[in-house]
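Asker: My structure is in target05.txt, and what it holds is compact mmCIF, N, CA and C atoms and all ligand atoms:
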# COMPACT_ATOMS: atom_id res chain seq x y z
N MET R 1 147.69 217.32 -34.68
CA MET R 1 147.78 217.42 -33.23
C MET R 1 147.55 218.84 -32.77
N PHE R 2 148.28 219.80 -33.38
CA PHE R 2 148.13 221.20 -32.99
C PHE R 2 146.71 221.68 -33.29
N LYS R 3 146.16 221.25 -34.43
CA LYS R 3 144.80 221.65 -34.81
C LYS R 3 143.79 221.14 -33.78
N ARG R 4 143.96 219.90 -33.32
CA ARG R 4 143.06 219.33 -32.32
C ARG R 4 143.19 220.08 -30.99
N LEU R 5 144.40 220.45 -30.64
CA LEU R 5 144.64 221.19 -29.41
C LEU R 5 143.95 222.55 -29.45
N ILE R 6 144.06 223.22 -30.59
CA ILE R 6 143.40 224.53 -30.76
C ILE R 6 141.89 224.38 -30.60
N GLN R 7 141.32 223.30 -31.19
CA GLN R 7 139.87 223.11 -31.14
C GLN R 7 139.37 222.91 -29.71
N LEU R 8 140.22 222.39 -28.83
CA LEU R 8 139.82 222.22 -27.43
C LEU R 8 139.44 223.54 -26.79
N PHE R 9 140.07 224.62 -27.26
CA PHE R 9 139.81 225.93 -26.67
C PHE R 9 138.75 226.71 -27.43
N ARG R 10 138.18 226.12 -28.45
CA ARG R 10 137.17 226.81 -29.26
C ARG R 10 135.80 226.23 -29.03
N GLY R 11 135.58 225.53 -27.98
CA GLY R 11 134.28 224.97 -27.69
C GLY R 11 134.27 223.47 -27.82
N ARG R 12 133.27 222.89 -27.21
CA ARG R 12 133.12 221.44 -27.20
C ARG R 12 132.47 220.99 -28.51
N PRO R 13 133.12 220.14 -29.31
CA PRO R 13 132.54 219.73 -30.58
C PRO R 13 131.42 218.71 -30.40
N MET R 14 130.29 218.95 -31.04
CA MET R 14 129.15 218.03 -30.99
C MET R 14 128.70 217.75 -32.42
N ARG R 15 128.62 216.46 -32.76
CA ARG R 15 128.23 216.06 -34.12
C ARG R 15 126.70 216.06 -34.25
N VAL R 16 126.22 216.61 -35.37
CA VAL R 16 124.80 216.55 -35.70
C VAL R 16 124.70 215.75 -37.00
N GLU R 17 124.27 214.51 -36.89
CA GLU R 17 124.22 213.62 -38.04
C GLU R 17 123.18 214.10 -39.06
N GLY R 18 123.58 214.11 -40.31
CA GLY R 18 122.68 214.48 -41.40
C GLY R 18 122.54 215.97 -41.63
N ALA R 19 123.04 216.79 -40.74
CA ALA R 19 122.84 218.24 -40.88
C ALA R 19 123.65 218.82 -42.03
N GLY R 20 124.66 218.11 -42.47
CA GLY R 20 125.44 218.60 -43.62
C GLY R 20 124.63 218.60 -44.90
N ASP R 21 123.52 217.85 -44.91
CA ASP R 21 122.66 217.77 -46.09
C ASP R 21 121.44 218.68 -45.96
N LEU R 22 121.42 219.55 -44.97
CA LEU R 22 120.26 220.42 -44.76
C LEU R 22 119.98 221.24 -46.03
N ALA R 23 118.71 221.30 -46.41
CA ALA R 23 118.32 222.01 -47.63
C ALA R 23 118.48 223.51 -47.47
N GLU R 24 118.74 224.17 -48.58
CA GLU R 24 118.85 225.62 -48.60
C GLU R 24 117.57 226.27 -48.04
N GLY R 25 117.73 227.27 -47.18
CA GLY R 25 116.58 228.00 -46.64
C GLY R 25 115.80 227.24 -45.59
N HIS R 26 116.42 226.24 -44.98
CA HIS R 26 115.74 225.46 -43.95
C HIS R 26 116.53 225.48 -42.65
N ALA R 27 115.83 225.14 -41.57
CA ALA R 27 116.45 225.07 -40.25
C ALA R 27 116.17 223.70 -39.64
N LEU R 28 117.10 223.25 -38.83
CA LEU R 28 116.99 221.95 -38.16
C LEU R 28 117.31 222.16 -36.68
N ARG R 29 116.39 221.75 -35.81
CA ARG R 29 116.67 221.84 -34.37
C ARG R 29 117.31 220.55 -33.90
N ALA R 30 118.25 220.68 -32.98
CA ALA R 30 118.92 219.49 -32.46
C ALA R 30 119.21 219.70 -30.98
N LEU R 31 119.02 218.64 -30.22
CA LEU R 31 119.40 218.64 -28.81
C LEU R 31 120.76 217.97 -28.72
N LEU R 32 121.73 218.66 -28.18
CA LEU R 32 123.10 218.16 -28.12
C LEU R 32 123.48 217.89 -26.69
N GLY R 33 123.95 216.68 -26.44
CA GLY R 33 124.34 216.32 -25.09
C GLY R 33 123.13 216.03 -24.22
N ASP R 34 123.39 215.80 -22.96
CA ASP R 34 122.33 215.51 -22.00
C ASP R 34 121.75 216.82 -21.49
N PRO R 35 120.45 217.10 -21.76
CA PRO R 35 119.88 218.38 -21.33
C PRO R 35 119.89 218.58 -19.82
N PHE R 36 120.01 217.48 -19.07
CA PHE R 36 120.04 217.60 -17.60
C PHE R 36 121.46 217.76 -17.08
N ALA R 37 122.43 217.72 -17.99
CA ALA R 37 123.83 217.85 -17.58
C ALA R 37 124.58 218.82 -18.49
N GLY R 38 123.97 219.95 -18.74
CA GLY R 38 124.66 220.97 -19.53
C GLY R 38 124.49 220.83 -21.02
N GLY R 39 123.52 220.03 -21.47
CA GLY R 39 123.26 219.92 -22.90
C GLY R 39 122.67 221.20 -23.45
N SER R 40 122.60 221.28 -24.76
CA SER R 40 122.11 222.50 -25.39
C SER R 40 121.18 222.18 -26.54
N GLU R 41 120.26 223.11 -26.77
CA GLU R 41 119.41 223.03 -27.94
C GLU R 41 119.95 224.04 -28.95
N VAL R 42 120.18 223.59 -30.17
CA VAL R 42 120.67 224.49 -31.20
C VAL R 42 119.75 224.40 -32.40
N VAL R 43 119.78 225.43 -33.22
CA VAL R 43 119.07 225.40 -34.50
C VAL R 43 120.12 225.69 -35.57
N ILE R 44 120.19 224.76 -36.53
CA ILE R 44 121.16 224.86 -37.61
C ILE R 44 120.42 225.32 -38.85
N CYS R 45 120.96 226.32 -39.53
CA CYS R 45 120.28 226.91 -40.68
C CYS R 45 121.21 226.93 -41.89
N ARG R 46 120.63 226.70 -43.06
CA ARG R 46 121.42 226.86 -44.28
C ARG R 46 120.91 228.10 -45.01
N VAL R 47 121.81 229.06 -45.16
CA VAL R 47 121.49 230.31 -45.85
C VAL R 47 122.60 230.58 -46.87
N GLU R 48 122.18 230.74 -48.12
CA GLU R 48 123.11 231.01 -49.22
C GLU R 48 124.25 229.99 -49.24
N GLY R 49 123.88 228.73 -49.00
CA GLY R 49 124.84 227.63 -49.11
C GLY R 49 125.66 227.36 -47.87
N GLU R 50 125.66 228.26 -46.90
CA GLU R 50 126.46 228.08 -45.69
C GLU R 50 125.60 227.63 -44.52
N LEU R 51 126.21 226.86 -43.62
CA LEU R 51 125.51 226.46 -42.40
C LEU R 51 125.86 227.41 -41.26
N TYR R 52 124.85 227.73 -40.48
CA TYR R 52 125.00 228.58 -39.29
C TYR R 52 124.28 227.89 -38.13
N ALA R 53 124.81 228.07 -36.94
CA ALA R 53 124.16 227.47 -35.76
C ALA R 53 123.91 228.56 -34.72
N LEU R 54 122.67 228.56 -34.25
CA LEU R 54 122.27 229.48 -33.18
C LEU R 54 121.80 228.66 -31.99
N ASP R 55 121.90 229.24 -30.82
CA ASP R 55 121.28 228.62 -29.66
C ASP R 55 119.78 228.48 -29.97
N GLY R 56 119.19 227.38 -29.60
CA GLY R 56 117.79 227.12 -29.92
C GLY R 56 116.82 227.93 -29.10
N LEU R 57 117.32 228.55 -28.03
CA LEU R 57 116.44 229.35 -27.17
C LEU R 57 116.46 230.80 -27.64
N CYS R 58 115.29 231.36 -27.82
CA CYS R 58 115.17 232.74 -28.28
C CYS R 58 115.67 233.69 -27.20
N PRO R 59 116.45 234.71 -27.56
CA PRO R 59 116.96 235.64 -26.55
C PRO R 59 115.92 236.65 -26.08
N HIS R 60 114.75 236.68 -26.71
CA HIS R 60 113.74 237.67 -26.34
C HIS R 60 113.13 237.42 -24.97
N ALA R 61 112.71 236.19 -24.74
CA ALA R 61 112.05 235.88 -23.47
C ALA R 61 112.20 234.39 -23.18
N ALA R 62 112.02 234.07 -21.93
CA ALA R 62 112.11 232.66 -21.53
C ALA R 62 111.03 231.85 -22.24
N ASP R 63 111.32 230.63 -22.51
CA ASP R 63 110.41 229.67 -23.13
C ASP R 63 110.19 229.87 -24.62
N GLY R 64 110.89 230.81 -25.24
CA GLY R 64 110.81 230.94 -26.70
C GLY R 64 111.84 230.03 -27.35
N HIS R 65 111.40 229.29 -28.33
CA HIS R 65 112.29 228.37 -29.06
C HIS R 65 112.17 228.65 -30.55
N PHE R 66 113.31 228.62 -31.23
CA PHE R 66 113.28 228.81 -32.68
C PHE R 66 112.66 227.61 -33.36
N MET R 67 111.98 227.87 -34.47
CA MET R 67 111.32 226.82 -35.25
C MET R 67 112.31 226.16 -36.19
N ASP R 68 112.07 224.89 -36.47
CA ASP R 68 112.80 224.27 -37.56
C ASP R 68 111.89 224.28 -38.79
N GLY R 69 112.39 223.74 -39.89
CA GLY R 69 111.62 223.78 -41.13
C GLY R 69 112.06 224.96 -41.98
N PRO R 70 111.19 225.39 -42.89
CA PRO R 70 111.56 226.48 -43.80
C PRO R 70 111.83 227.80 -43.04
N LEU R 71 112.87 228.50 -43.45
CA LEU R 71 113.18 229.81 -42.87
C LEU R 71 112.25 230.85 -43.50
N ILE R 72 112.01 231.94 -42.77
CA ILE R 72 111.19 233.02 -43.31
C ILE R 72 111.97 233.67 -44.47
N LYS R 73 111.34 233.74 -45.61
CA LYS R 73 111.96 234.25 -46.85
C LYS R 73 113.26 233.53 -47.16
N GLY R 74 113.40 232.32 -46.65
CA GLY R 74 114.58 231.51 -46.92
C GLY R 74 115.83 231.96 -46.21
N LYS R 75 115.71 232.94 -45.29
CA LYS R 75 116.93 233.44 -44.66
C LYS R 75 116.81 233.86 -43.20
N HIS R 76 115.62 233.85 -42.62
CA HIS R 76 115.48 234.26 -41.23
C HIS R 76 114.84 233.16 -40.40
N VAL R 77 115.47 232.87 -39.25
CA VAL R 77 114.91 231.89 -38.35
C VAL R 77 113.81 232.58 -37.52
N TYR R 78 112.82 231.82 -37.12
CA TYR R 78 111.59 232.38 -36.59
C TYR R 78 111.29 231.84 -35.19
N CYS R 79 110.87 232.73 -34.31
CA CYS R 79 110.39 232.32 -32.99
C CYS R 79 108.89 232.61 -32.94
N PRO R 80 108.06 231.59 -32.77
CA PRO R 80 106.61 231.80 -32.82
C PRO R 80 106.03 232.45 -31.56
N ALA R 81 106.80 232.56 -30.49
CA ALA R 81 106.24 233.11 -29.25
C ALA R 81 105.74 234.55 -29.45
N HIS R 82 106.56 235.39 -30.11
CA HIS R 82 106.15 236.77 -30.37
C HIS R 82 106.47 237.18 -31.81
N ASN R 83 106.65 236.19 -32.66
CA ASN R 83 106.88 236.41 -34.11
C ASN R 83 108.15 237.19 -34.41
N TYR R 84 109.19 237.04 -33.63
CA TYR R 84 110.46 237.69 -33.95
C TYR R 84 111.23 236.82 -34.93
N ARG R 85 112.00 237.50 -35.77
CA ARG R 85 112.88 236.82 -36.72
C ARG R 85 114.32 237.20 -36.40
N PHE R 86 115.23 236.29 -36.71
CA PHE R 86 116.65 236.53 -36.47
C PHE R 86 117.44 236.09 -37.69
N ASP R 87 118.53 236.80 -37.94
CA ASP R 87 119.42 236.47 -39.05
C ASP R 87 120.42 235.43 -38.57
N PRO R 88 120.40 234.21 -39.11
CA PRO R 88 121.34 233.18 -38.65
C PRO R 88 122.80 233.55 -38.88
N LYS R 89 123.07 234.42 -39.85
CA LYS R 89 124.47 234.80 -40.13
C LYS R 89 125.07 235.61 -38.99
N THR R 90 124.24 236.47 -38.39
CA THR R 90 124.75 237.38 -37.37
C THR R 90 124.16 237.12 -35.99
N GLY R 91 123.02 236.45 -35.95
CA GLY R 91 122.30 236.25 -34.70
C GLY R 91 121.43 237.45 -34.33
N LYS R 92 121.49 238.52 -35.12
CA LYS R 92 120.76 239.74 -34.78
C LYS R 92 119.28 239.64 -35.14
N PRO R 93 118.43 240.32 -34.34
CA PRO R 93 117.00 240.33 -34.67
C PRO R 93 116.75 241.16 -35.93
N VAL R 94 115.68 240.83 -36.62
CA VAL R 94 115.32 241.53 -37.85
C VAL R 94 114.00 242.25 -37.60
N GLY R 95 114.03 243.58 -37.63
CA GLY R 95 112.81 244.36 -37.45
C GLY R 95 112.28 244.35 -36.04
N ALA R 96 113.11 244.08 -35.07
CA ALA R 96 112.68 244.07 -33.67
C ALA R 96 113.86 244.52 -32.80
N VAL R 97 113.52 244.99 -31.63
CA VAL R 97 114.56 245.38 -30.68
C VAL R 97 114.69 244.27 -29.65
N CYS R 98 115.85 243.67 -29.64
CA CYS R 98 116.07 242.51 -28.79
C CYS R 98 117.56 242.22 -28.81
N SER R 99 118.05 241.49 -27.84
CA SER R 99 119.45 241.09 -27.92
C SER R 99 119.62 240.01 -28.99
N SER R 100 120.84 239.81 -29.39
CA SER R 100 121.14 238.86 -30.46
C SER R 100 121.10 237.43 -29.92
N ALA R 101 120.79 236.50 -30.83
CA ALA R 101 120.85 235.07 -30.49
C ALA R 101 122.32 234.65 -30.43
N LYS R 102 122.61 233.74 -29.54
CA LYS R 102 123.97 233.23 -29.41
C LYS R 102 124.30 232.35 -30.61
N ARG R 103 125.47 232.58 -31.19
CA ARG R 103 125.90 231.81 -32.36
C ARG R 103 126.99 230.83 -31.96
N TYR R 104 127.06 229.73 -32.71
CA TYR R 104 128.10 228.73 -32.51
C TYR R 104 128.81 228.48 -33.83
N ARG R 105 130.06 228.13 -33.74
CA ARG R 105 130.84 227.80 -34.93
C ARG R 105 130.40 226.43 -35.45
N VAL R 106 130.35 226.28 -36.77
CA VAL R 106 129.92 225.04 -37.41
C VAL R 106 130.96 224.63 -38.45
N VAL R 107 131.27 223.34 -38.49
CA VAL R 107 132.13 222.79 -39.53
C VAL R 107 131.40 221.61 -40.15
N VAL R 108 131.32 221.57 -41.48
CA VAL R 108 130.66 220.46 -42.17
C VAL R 108 131.67 219.34 -42.33
N GLU R 109 131.22 218.12 -42.02
CA GLU R 109 132.03 216.91 -42.21
C GLU R 109 131.18 215.89 -42.94
N GLY R 110 131.30 215.86 -44.25
CA GLY R 110 130.50 214.95 -45.06
C GLY R 110 129.03 215.28 -44.95
N ASN R 111 128.22 214.29 -44.55
CA ASN R 111 126.78 214.52 -44.40
C ASN R 111 126.42 215.07 -43.03
N ASP R 112 127.39 215.17 -42.16
CA ASP R 112 127.16 215.66 -40.80
C ASP R 112 127.73 217.06 -40.64
N CYS R 113 127.47 217.67 -39.50
CA CYS R 113 128.19 218.89 -39.16
C CYS R 113 128.59 218.82 -37.70
N ILE R 114 129.62 219.56 -37.38
CA ILE R 114 130.11 219.63 -36.02
C ILE R 114 129.82 221.04 -35.51
N VAL R 115 129.10 221.11 -34.40
CA VAL R 115 128.80 222.39 -33.75
C VAL R 115 129.69 222.50 -32.53
N PHE R 116 130.37 223.62 -32.40
CA PHE R 116 131.26 223.84 -31.26
C PHE R 116 130.54 224.67 -30.21
N LEU R 117 130.11 223.99 -29.16
CA LEU R 117 129.36 224.65 -28.09
C LEU R 117 130.29 225.40 -27.14
S1 LIG C 201 110.33 234.65 -26.95
FE1 LIG C 201 110.97 234.55 -29.03
S2 LIG C 201 110.04 236.27 -29.89
FE2 LIG C 201 109.51 236.43 -27.82
Let me see the file written as structure tokens.
Ligand code: FES
Answerer:
Amino acid sequence: MFKRLIQLFRGRPMRVEGAGDLAEGHALRALLGDPFAGGSEVVICRVEGELYALDGLCPHAADGHFMDGPLIKGKHVYCPAHNYRFDPKTGKPVGAVCSSAKRYRVVVEGNDCIVFL
């Protein structure tokens, strides 16, 4: 009960089915909730065995979206708009000057994961 109460203040939990099985060095994009009613696009990445979730929108410029599929060098998520890379662990850009990508907390539940928006 107390654990559930605490989670209410840590963001809205959204289940991503199958993301718990994401392969090492890969990213998966997911649309969570209704995009016309406050939904979000996230990109879930597995790096060194851990799952990380970033906002799917690139912080560099409007209309940039992170790619799913293989990560660059198995550890950096990629935005094709201007070829920027970001570290999913920290959200920080790699080799570029830009603000950091927004990160979300992730909990693995079996084959799924829960992203706290
Ligand atoms: S919008 Fe993503 S790198 Fe420019």
Asker: Just how far from atom CA of Leu32 of chain R is atom C of Cys45 of chain R, in Å to one decimal?
Answerer: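 Result for atom C of Cys45 of chain R versus atom CA of Leu32 of chain R: 16.4 Å, one decimal.
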Asker: So which residues are near ligand LIG 201 (chain C), meaning at most 8 Å away with only C-alpha atoms and all ligand atoms counted, given back as an NGL selection string?
Answerer: :R and (57-66 or 78-85)
Asker: For Ala23 of chain R, which residue among R:Val47, R:Ile72, R:Val42, R:Ala96 is the nearest when counting all atoms listed in the file?
Answerer: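 Closest candidate: R:Val47.
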Asker: Nearest to Leu51 of chain R among R:Gly110, R:Pro93, R:Pro88, R:Gly11, with distances taken over all atoms listed in the file: which residue is it?
Answerer: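 Comparing R:Gly110, R:Pro93, R:Pro88, R:Gly11 against Leu51 of chain R, the winner is R:Pro88.
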Asker: Extract the full set of alpha helix (DSSP H) residues from chain R according to DSSP on the backbone, and format it as a compact mmCIF listing (two decimals) with N, CA and C atoms, keeping the file's coordinate frame.
Answerer:
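Saved the output as out_0.txt:
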# COMPACT_ATOMS: atom_id res chain seq x y z
N PHE R 2 148.28 219.80 -33.38
CA PHE R 2 148.13 221.20 -32.99
C PHE R 2 146.71 221.68 -33.29
N LYS R 3 146.16 221.25 -34.43
CA LYS R 3 144.80 221.65 -34.81
C LYS R 3 143.79 221.14 -33.78
N ARG R 4 143.96 219.90 -33.32
CA ARG R 4 143.06 219.33 -32.32
C ARG R 4 143.19 220.08 -30.99
N LEU R 5 144.40 220.45 -30.64
CA LEU R 5 144.64 221.19 -29.41
C LEU R 5 143.95 222.55 -29.45
N ILE R 6 144.06 223.22 -30.59
CA ILE R 6 143.40 224.53 -30.76
C ILE R 6 141.89 224.38 -30.60
N GLN R 7 141.32 223.30 -31.19
CA GLN R 7 139.87 223.11 -31.14
C GLN R 7 139.37 222.91 -29.71
N LEU R 8 140.22 222.39 -28.83
CA LEU R 8 139.82 222.22 -27.43
C LEU R 8 139.44 223.54 -26.79
Asker: Give me, as a PyMOL selection string, the residues of chain R that a backbone DSSP run labels strand (DSSP E or B).
Answerer: chain R and resi 13-16+26-32+40-47+50-55+57+65+69-70+72+76-79+84-86+93-94+103-109+112-116
Asker: Calculate how many Å separate atom CA of Val16 of chain R from atom N of Ala53 of chain R, rounding to one decimal.
Answerer: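 Spanning atom CA of Val16 of chain R to atom N of Ala53 of chain R is a straight-line distance of 11.6 Å.
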Asker: In Å, rounded to a single decimal, give me how far atom CA of Gly74 of chain R is from atom C of Gly95 of chain R.
Answerer: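 It comes out at 17.0 Å.
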Asker: Considering all atoms listed in the file, state which residue in the set R:Gly25, R:Ala30, R:Asp87, R:Val97 is at the smallest distance from Gly49 of chain R.
Answerer: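 Of R:Gly25, R:Ala30, R:Asp87, R:Val97, the one nearest Gly49 of chain R, counting all atoms listed in the file, is R:Gly25.
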Asker: Find the spatial neighbours of Leu28 of chain R, counting only C-alpha atoms, within a cut-off of 12 Å - ignore same-chain residues fewer than 2 positions away - and output them as a PyMOL selection string.
Answerer: chain R and resi 16-26+30-31+41-46+51-56+66-71+77-78+113
Asker: Using all atoms listed in the file, pick whichever of R:Gly38, R:Thr90, R:Ala27, R:Gly33 has the shortest atom-to-atom distance to Arg15 of chain R.
Answerer: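 Ranked by minimum distance to Arg15 of chain R, first place goes to R:Gly33.
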Asker: Set up a box along x, y and z of the file covering all listed atoms of segment 85-91 of chain R, add 4 Å on every one of the six sides, and write the centre and edge lengths in Å to one decimal, as JSON.
Answerer:
{"center_x": 118.5, "center_y": 235.3, "center_z": -37.2, "size_x": 21.1, "size_y": 12.3, "size_z": 13.8}
